[in-house]
Amino acid sequence: MISLNDYLYNGDTVVKILHCYLKDLKEGAVEYDNGVDLAHSNCLLQMLELLEHNDFLTAQSQKIREFYKYMADRYPFLAFTFKGRIKSLIRLEEKINGNIVEFIYDYHRMTGEYPSETEIKDQIGRIKDLIAYRIVVSLPKCHVKPDENRQVRELRYLYEIANALPDFLEERGFNPELSGLDSQSMTIDSSYRKYYRDYIEKPNNYGYKSLHISFFDNTSRSNIEMQLRTKEMDDNAEIGPANHLGYEKRQEKERARREEIPVGENIFFDDAYERGMKLQQLDLSRVDVNMFGAADNNLINDGCGLYRGRLILPYEHLSRFQNDLI
């Protein structure tokens, strides 16, 4: 069984690593009639195409910028940022294998049986955030009246923005995609509930809160995910209890579960589990990838998107009315 780790020590670029890994993965999938590995290689191919043919990102980010300008005009008193990134290769590989492990494990625990190959492949197909944008809004304290609840008002603006986003982007060639959730947000307008995953109404056990919505960009033929948060939510997700490092550590623990599935009973679980464990044990200081360096697994200088991801844009808007109550 091959894994991404096998390709990280020759000084190659991320693009060459992707070429070699997905080629070998696809050839093995065809040889052994493994549809899950074939879906895995196709997902990696999507990332490769993003990295090799990324001219569209300029046009895409300009369309996103139109919504930034809309917000600056409609909400001049708000401070907000727009951020965009391409998912890192290691994070994508972790997510592919993690989705497989978690799905098979939970399915078997609940039913005592194993899911079909098609059902497992669907878990890979649900990865829609190779390109992701985030909107973070904040209402400066100087705009809050003494008897006003800042969080309530901030949240009202966030949902207003969320309700305006689908139609705005659809007019510019982005089709909103169904969330696939049975439980829909009661705060989002009824016309748009089917598109949103509302983690504000229903935060996870660690307090993660955000609105998520996915779009298909007809120009680039790619999916993007949009996340909308207040500054308080973003702080909690970045430096608080729901921060990504803590999330990854919890994911590592969950993905390391093995006792439910004996070795050899399900080849798809075995392969994904082993690939995931190898990534967890990866010593980044020993990796030899062009434009990447690490002193250890915390001090990292990533210039190629291997581990941190590649930044597409930051747009920043600071409230122009710092002394006025709006």
# chains A, B, ... in the order shown; residues from 1 in each chain; ligands from 1
call {"tool": "residues_around", "arguments": {"residues": "Ile64 of chain A", "least_positions_apart": "2", "cutoff": "10 Å", "atoms": "only C-alpha atoms", "output": "list in words"}}
result
Thr58, Ala59, Gln60, Ser61, Gln62, Glu66, Phe67, Tyr68, Lys69, Phe82, Gly84, Tyr133, Phe168, Leu169, Arg172, Leu313 and Tyr315 of chain A
call {"tool": "residues_around", "arguments": {"residues": "segment 4-7 of chain A", "least_positions_apart": "4", "cutoff": "10 Å", "atoms": "only C-alpha atoms", "output": "list of chain:residue names"}}
result
A:Gly11, A:Asp12, A:Val14, A:Lys16, A:Ile17, A:Leu18, A:Cys20, A:Tyr21, A:Leu22, A:Leu25, A:Leu89, A:Ile90, A:Glu93, A:Glu94, A:Arg275, A:Gly276, A:Lys278, A:Leu279, A:Gln281, A:Leu282, A:Val287, A:Asp288, A:Val289
call {"tool": "write_last_selection", "arguments": {"atoms": "C-alpha atoms", "output": "PDB file, in the first residue's frame"}}
result
ATOM      1  CA  GLY A  11      13.089  17.496  -2.628  1.00  0.00           C
ATOM      2  CA  ASP A  12      10.233  17.522  -5.142  1.00  0.00           C
ATOM      3  CA  VAL A  14       4.130  19.795  -4.268  1.00  0.00           C
ATOM      4  CA  LYS A  16       5.353  16.775  -8.734  1.00  0.00           C
ATOM      5  CA  ILE A  17       4.447  14.961  -5.506  1.00  0.00           C
ATOM      6  CA  LEU A  18       0.789  15.121  -6.487  1.00  0.00           C
ATOM      7  CA  CYS A  20       3.470  10.892  -8.742  1.00  0.00           C
ATOM      8  CA  TYR A  21       1.210   9.969  -5.834  1.00  0.00           C
ATOM      9  CA  LEU A  22      -2.103  10.146  -7.662  1.00  0.00           C
ATOM     10  CA  LEU A  25      -2.649   5.453  -6.544  1.00  0.00           C
ATOM     11  CA  LEU A  89      -1.984  18.785   0.568  1.00  0.00           C
ATOM     12  CA  ILE A  90      -1.448  17.215   3.984  1.00  0.00           C
ATOM     13  CA  GLU A  93      -4.958  13.757   2.580  1.00  0.00           C
ATOM     14  CA  GLU A  94      -5.850  13.698   6.287  1.00  0.00           C
ATOM     15  CA  ARG A 275      -2.322   6.246   5.724  1.00  0.00           C
ATOM     16  CA  GLY A 276      -3.848   8.388   8.446  1.00  0.00           C
ATOM     17  CA  LYS A 278       1.495   7.605   8.987  1.00  0.00           C
ATOM     18  CA  LEU A 279       0.498  11.248   8.594  1.00  0.00           C
ATOM     19  CA  GLN A 281       3.461  10.251  12.948  1.00  0.00           C
ATOM     20  CA  LEU A 282       5.085  12.469  10.304  1.00  0.00           C
ATOM     21  CA  VAL A 287      10.498  16.310   5.186  1.00  0.00           C
ATOM     22  CA  ASP A 288      12.335  17.423   2.040  1.00  0.00           C
ATOM     23  CA  VAL A 289       9.846  19.286  -0.141  1.00  0.00           C
TER      24      VAL A 289
END
call {"tool": "atom_distance", "arguments": {"atom1": "atom CA of Tyr70 of chain A", "atom2": "atom CA of Ala237 of chain A"}}
result
26.0 Å
call {"tool": "closest_residue", "arguments": {"among": "A:Asp302, A:Phe268, A:Ser179, A:Ser191", "to": "Asp33 of chain A", "atoms": "only C-alpha atoms"}}
result
A:Phe268
call {"tool": "closest_residue", "arguments": {"among": "A:Ser319, A:Ser190, A:Thr230, A:Ser3", "to": "Leu155 of chain A", "atoms": "only C-alpha atoms"}}
result
A:Thr230
call {"tool": "decode", "arguments": {"residues": "segment 154-168 of chain A", "atoms": "all heavy atoms", "output": "mmCIF file, in the first residue's frame"}}
result
data_model
loop_
_atom_site.group_PDB
_atom_site.id
_atom_site.type_symbol
_atom_site.label_atom_id
_atom_site.label_comp_id
_atom_site.auth_asym_id
_atom_site.auth_seq_id
_atom_site.Cartn_x
_atom_site.Cartn_y
_atom_site.Cartn_z
ATOM 1 N N GLU A 154 -24.566 42.213 16.420
ATOM 2 C CA GLU A 154 -23.560 41.667 15.521
ATOM 3 C C GLU A 154 -24.097 40.435 14.792
ATOM 4 O O GLU A 154 -23.904 40.258 13.588
ATOM 5 C CB GLU A 154 -22.324 41.294 16.343
ATOM 6 C CG GLU A 154 -21.006 41.609 15.706
ATOM 7 C CD GLU A 154 -19.860 41.410 16.679
ATOM 8 O OE1 GLU A 154 -19.922 40.478 17.498
ATOM 9 O OE2 GLU A 154 -18.897 42.180 16.611
ATOM 10 N N LEU A 155 -24.792 39.597 15.549
ATOM 11 C CA LEU A 155 -25.345 38.375 14.974
ATOM 12 C C LEU A 155 -26.434 38.692 13.948
ATOM 13 O O LEU A 155 -26.543 38.023 12.910
ATOM 14 C CB LEU A 155 -25.904 37.490 16.092
ATOM 15 C CG LEU A 155 -26.080 36.003 15.776
ATOM 16 C CD1 LEU A 155 -24.760 35.382 15.343
ATOM 17 C CD2 LEU A 155 -26.625 35.269 17.001
ATOM 18 N N ARG A 156 -27.195 39.735 14.219
ATOM 19 C CA ARG A 156 -28.229 40.134 13.261
ATOM 20 C C ARG A 156 -27.600 40.544 11.932
ATOM 21 O O ARG A 156 -28.081 40.170 10.854
ATOM 22 C CB ARG A 156 -29.054 41.294 13.834
ATOM 23 C CG ARG A 156 -30.087 41.854 12.861
ATOM 24 C CD ARG A 156 -31.106 42.721 13.553
ATOM 25 N NE ARG A 156 -30.505 43.828 14.276
ATOM 26 C CZ ARG A 156 -30.171 45.004 13.726
ATOM 27 N NH1 ARG A 156 -30.374 45.199 12.425
ATOM 28 N NH2 ARG A 156 -29.656 45.961 14.448
ATOM 29 N N TYR A 157 -26.528 41.298 11.994
ATOM 30 C CA TYR A 157 -25.836 41.692 10.775
ATOM 31 C C TYR A 157 -25.254 40.472 10.053
ATOM 32 O O TYR A 157 -25.285 40.393 8.816
ATOM 33 C CB TYR A 157 -24.709 42.684 11.087
ATOM 34 C CG TYR A 157 -25.188 44.039 11.558
ATOM 35 C CD1 TYR A 157 -24.600 44.667 12.652
ATOM 36 C CD2 TYR A 157 -26.220 44.700 10.902
ATOM 37 C CE1 TYR A 157 -25.028 45.910 13.089
ATOM 38 C CE2 TYR A 157 -26.666 45.944 11.332
ATOM 39 C CZ TYR A 157 -26.058 46.545 12.427
ATOM 40 O OH TYR A 157 -26.500 47.782 12.853
ATOM 41 N N LEU A 158 -24.718 39.532 10.811
ATOM 42 C CA LEU A 158 -24.116 38.344 10.194
ATOM 43 C C LEU A 158 -25.159 37.561 9.404
ATOM 44 O O LEU A 158 -24.896 37.129 8.267
ATOM 45 C CB LEU A 158 -23.491 37.448 11.270
ATOM 46 C CG LEU A 158 -22.689 36.252 10.740
ATOM 47 C CD1 LEU A 158 -21.408 36.725 10.059
ATOM 48 C CD2 LEU A 158 -22.353 35.271 11.853
ATOM 49 N N TYR A 159 -26.366 37.402 9.965
ATOM 50 C CA TYR A 159 -27.414 36.670 9.255
ATOM 51 C C TYR A 159 -27.956 37.482 8.073
ATOM 52 O O TYR A 159 -28.341 36.904 7.053
ATOM 53 C CB TYR A 159 -28.536 36.278 10.210
ATOM 54 C CG TYR A 159 -28.240 35.003 10.985
ATOM 55 C CD1 TYR A 159 -27.820 35.034 12.306
ATOM 56 C CD2 TYR A 159 -28.383 33.758 10.381
ATOM 57 C CE1 TYR A 159 -27.543 33.864 13.007
ATOM 58 C CE2 TYR A 159 -28.113 32.579 11.067
ATOM 59 C CZ TYR A 159 -27.689 32.642 12.382
ATOM 60 O OH TYR A 159 -27.415 31.479 13.070
ATOM 61 N N GLU A 160 -27.967 38.795 8.183
ATOM 62 C CA GLU A 160 -28.358 39.624 7.036
ATOM 63 C C GLU A 160 -27.395 39.398 5.874
ATOM 64 O O GLU A 160 -27.803 39.246 4.716
ATOM 65 C CB GLU A 160 -28.340 41.108 7.427
ATOM 66 C CG GLU A 160 -29.524 41.574 8.237
ATOM 67 C CD GLU A 160 -29.459 43.073 8.526
ATOM 68 O OE1 GLU A 160 -28.599 43.772 7.930
ATOM 69 O OE2 GLU A 160 -30.257 43.544 9.354
ATOM 70 N N ILE A 161 -26.118 39.374 6.198
ATOM 71 C CA ILE A 161 -25.088 39.157 5.181
ATOM 72 C C ILE A 161 -25.225 37.755 4.587
ATOM 73 O O ILE A 161 -25.116 37.559 3.370
ATOM 74 C CB ILE A 161 -23.695 39.367 5.799
ATOM 75 C CG1 ILE A 161 -23.499 40.842 6.153
ATOM 76 C CG2 ILE A 161 -22.593 38.889 4.859
ATOM 77 C CD1 ILE A 161 -22.334 41.112 7.088
ATOM 78 N N ALA A 162 -25.474 36.771 5.449
ATOM 79 C CA ALA A 162 -25.648 35.389 4.982
ATOM 80 C C ALA A 162 -26.836 35.268 4.043
ATOM 81 O O ALA A 162 -26.792 34.519 3.049
ATOM 82 C CB ALA A 162 -25.823 34.457 6.179
ATOM 83 N N ASN A 163 -27.908 35.995 4.311
ATOM 84 C CA ASN A 163 -29.094 35.929 3.458
ATOM 85 C C ASN A 163 -28.882 36.629 2.117
ATOM 86 O O ASN A 163 -29.531 36.298 1.121
ATOM 87 C CB ASN A 163 -30.289 36.553 4.181
ATOM 88 C CG ASN A 163 -30.829 35.662 5.282
ATOM 89 O OD1 ASN A 163 -30.840 34.444 5.158
ATOM 90 N ND2 ASN A 163 -31.259 36.261 6.388
ATOM 91 N N ALA A 164 -27.969 37.604 2.083
ATOM 92 C CA ALA A 164 -27.702 38.320 0.829
ATOM 93 C C ALA A 164 -26.707 37.578 -0.059
ATOM 94 O O ALA A 164 -26.703 37.753 -1.287
ATOM 95 C CB ALA A 164 -27.160 39.720 1.142
ATOM 96 N N LEU A 165 -25.879 36.732 0.539
ATOM 97 C CA LEU A 165 -24.768 36.110 -0.184
ATOM 98 C C LEU A 165 -25.184 35.181 -1.329
ATOM 99 O O LEU A 165 -24.625 35.284 -2.434
ATOM 100 C CB LEU A 165 -23.878 35.367 0.816
ATOM 101 C CG LEU A 165 -22.636 34.670 0.252
ATOM 102 C CD1 LEU A 165 -21.668 35.705 -0.343
ATOM 103 C CD2 LEU A 165 -21.937 33.865 1.353
ATOM 104 N N PRO A 166 -26.139 34.243 -1.143
ATOM 105 C CA PRO A 166 -26.434 33.282 -2.227
ATOM 106 C C PRO A 166 -26.863 33.934 -3.532
ATOM 107 O O PRO A 166 -26.329 33.609 -4.598
ATOM 108 C CB PRO A 166 -27.548 32.412 -1.629
ATOM 109 C CG PRO A 166 -27.357 32.519 -0.151
ATOM 110 C CD PRO A 166 -26.901 33.916 0.090
ATOM 111 N N ASP A 167 -27.815 34.869 -3.483
ATOM 112 C CA ASP A 167 -28.285 35.512 -4.713
ATOM 113 C C ASP A 167 -27.186 36.363 -5.336
ATOM 114 O O ASP A 167 -27.031 36.394 -6.570
ATOM 115 C CB ASP A 167 -29.506 36.390 -4.422
ATOM 116 C CG ASP A 167 -30.777 35.577 -4.222
ATOM 117 O OD1 ASP A 167 -30.745 34.356 -4.507
ATOM 118 O OD2 ASP A 167 -31.782 36.144 -3.773
ATOM 119 N N PHE A 168 -26.425 37.061 -4.498
ATOM 120 C CA PHE A 168 -25.360 37.932 -4.991
ATOM 121 C C PHE A 168 -24.349 37.131 -5.807
ATOM 122 O O PHE A 168 -23.984 37.510 -6.914
ATOM 123 C CB PHE A 168 -24.674 38.622 -3.810
ATOM 124 C CG PHE A 168 -23.724 39.715 -4.202
ATOM 125 C CD1 PHE A 168 -24.122 41.037 -4.180
ATOM 126 C CD2 PHE A 168 -22.426 39.429 -4.596
ATOM 127 C CE1 PHE A 168 -23.245 42.060 -4.552
ATOM 128 C CE2 PHE A 168 -21.537 40.428 -4.976
ATOM 129 C CZ PHE A 168 -21.948 41.755 -4.946
#
